Amino acid sequence: MRFGVFSDIHANLVALQAVLQDMGPVDQYWCLGDVVGYGPSPNECVQALLDLDHVLVMGNHDAAAVGVLSPRDFNGEARRALEWTARTLARDSMAYLKAAPEQLTRGEILLVHGSPREPLWEYITNVEQAQGNFAVTENPYTFIGHTHVPLVFLLDREGHALSGTPEDGMLLRLAGERMLINPGSVGQPRDGDPRASYAIVDNEQMHVEFHRVEYDIPETQSAMKAMGASPWLMERIAYGR
């Protein structure tokens with residue numbers, strides 16, 4: 001079976017639509033959280049997911065938008081966007097996001113937004129953080145989001161965490177080593193590449209495919225301008241930072 005894995009849509013419907021079209025048919029979609037926040041189309045992104053056979057784990061922006069976390073815990077730009085999102089979300093969208101669990105398992109695979117030990121908040125950006133998270137879960141493979149950067153952390157036979165950056169089109173073999181795998185961000189990449197990012201898991205061929213896809217950034221920027229987003233938020237999606 002093939003599973004489409006993506007994270008950090010951040011209410012960027014144009015990017016999400018490009019990802020779904022580029023991905024093609026899969027058996028199920030796995031969303032690693034932050035459906036909303038920053039972007040202009042929170043209800044539309046929720047509806048796009050509801051139209052799919054999918055599972056969702058809660059992200060920190062989702063949690064703040066529905067009152068599980070306080071927007072005061074976020075920086076000024078994120079807080080203002082979250083306050084707008086909370087006012088804009090339809091009741092059904094709010095209920096859908098609020099019902100999302102912080103972690104899910106699919107067979108041997110753990111799905112979480114931030115990290116196994118801090119599902120909503122921890123950014124796994126280096127091998128030290130990865131090492132600590134390998135220690136708190138026994139799952140062979142964990143898919144994470146939150147950083148907006150595609151990354152892979154592997155635990156070698158000596159018990160040391162190693163890291164690598166997957167490129168567009170790369171196949172990662174699932175050959176027994178424990179891994180933390182980040183597919184990057186759909187709606188707001190931060191690795192210097194503005195293209196939307198996602199992955200496909202094939203549990204029969206035992207590999208993960210990493211992909212990037214271009215989308216109409218000016219269209220999203222126009223919608224962001226209409227919602228009153230700051231120029232900085234609009235500019236950063238064009239630079240992938």
# chains A, B, ... in the order shown; residues from 1 in each chain; ligands from 1

$ residues_around --residues "Leu233 (chain A)" --least-positions-apart "5" --cutoff "9 Å" --atoms "only C-alpha atoms" --output "number ranges by chain"
A: 38-39, 77, 221, 224

$ select_by_dssp --residues "region 54-200 of chain A" --states "strand (DSSP E or B)" --output "PyMOL selection string"
chain A and resi 54-56+103-106+109-112+141-143+151-155+161-164+171-173+178-182+196-200

$ residues_around --residues "region 63-73 of chain A" --least-positions-apart "4" --cutoff "12 Å" --atoms "only C-alpha atoms" --output "count of residues only"
43

$ residues_around --residues "Asn203 (chain A)" --least-positions-apart "6" --cutoff "12 Å" --atoms "only C-alpha atoms" --output "PyMOL selection string"
chain A and resi 1-4+26-27+106-109+141+172-175+209

$ residues_around --residues "region 186-200 of chain A" --least-positions-apart "5" --cutoff "9 Å" --atoms "only C-alpha atoms" --output "MDAnalysis selection string"
chainID A and resid 2:16 18:19 23 26 38:39 147:150 168 207:215 217 236:241

$ atom_distance --atom1 "CA of Asn126 (chain A)" --atom2 "CA of Leu180 (chain A)"
11.2 Å

$ atom_distance --atom1 "CA of Phe143 (chain A)" --atom2 "CA of Gly164 (chain A)"
14.6 Å

$ atom_distance --atom1 "CA of Gly132 (chain A)" --atom2 "CA of Arg117 (chain A)"
8.5 Å
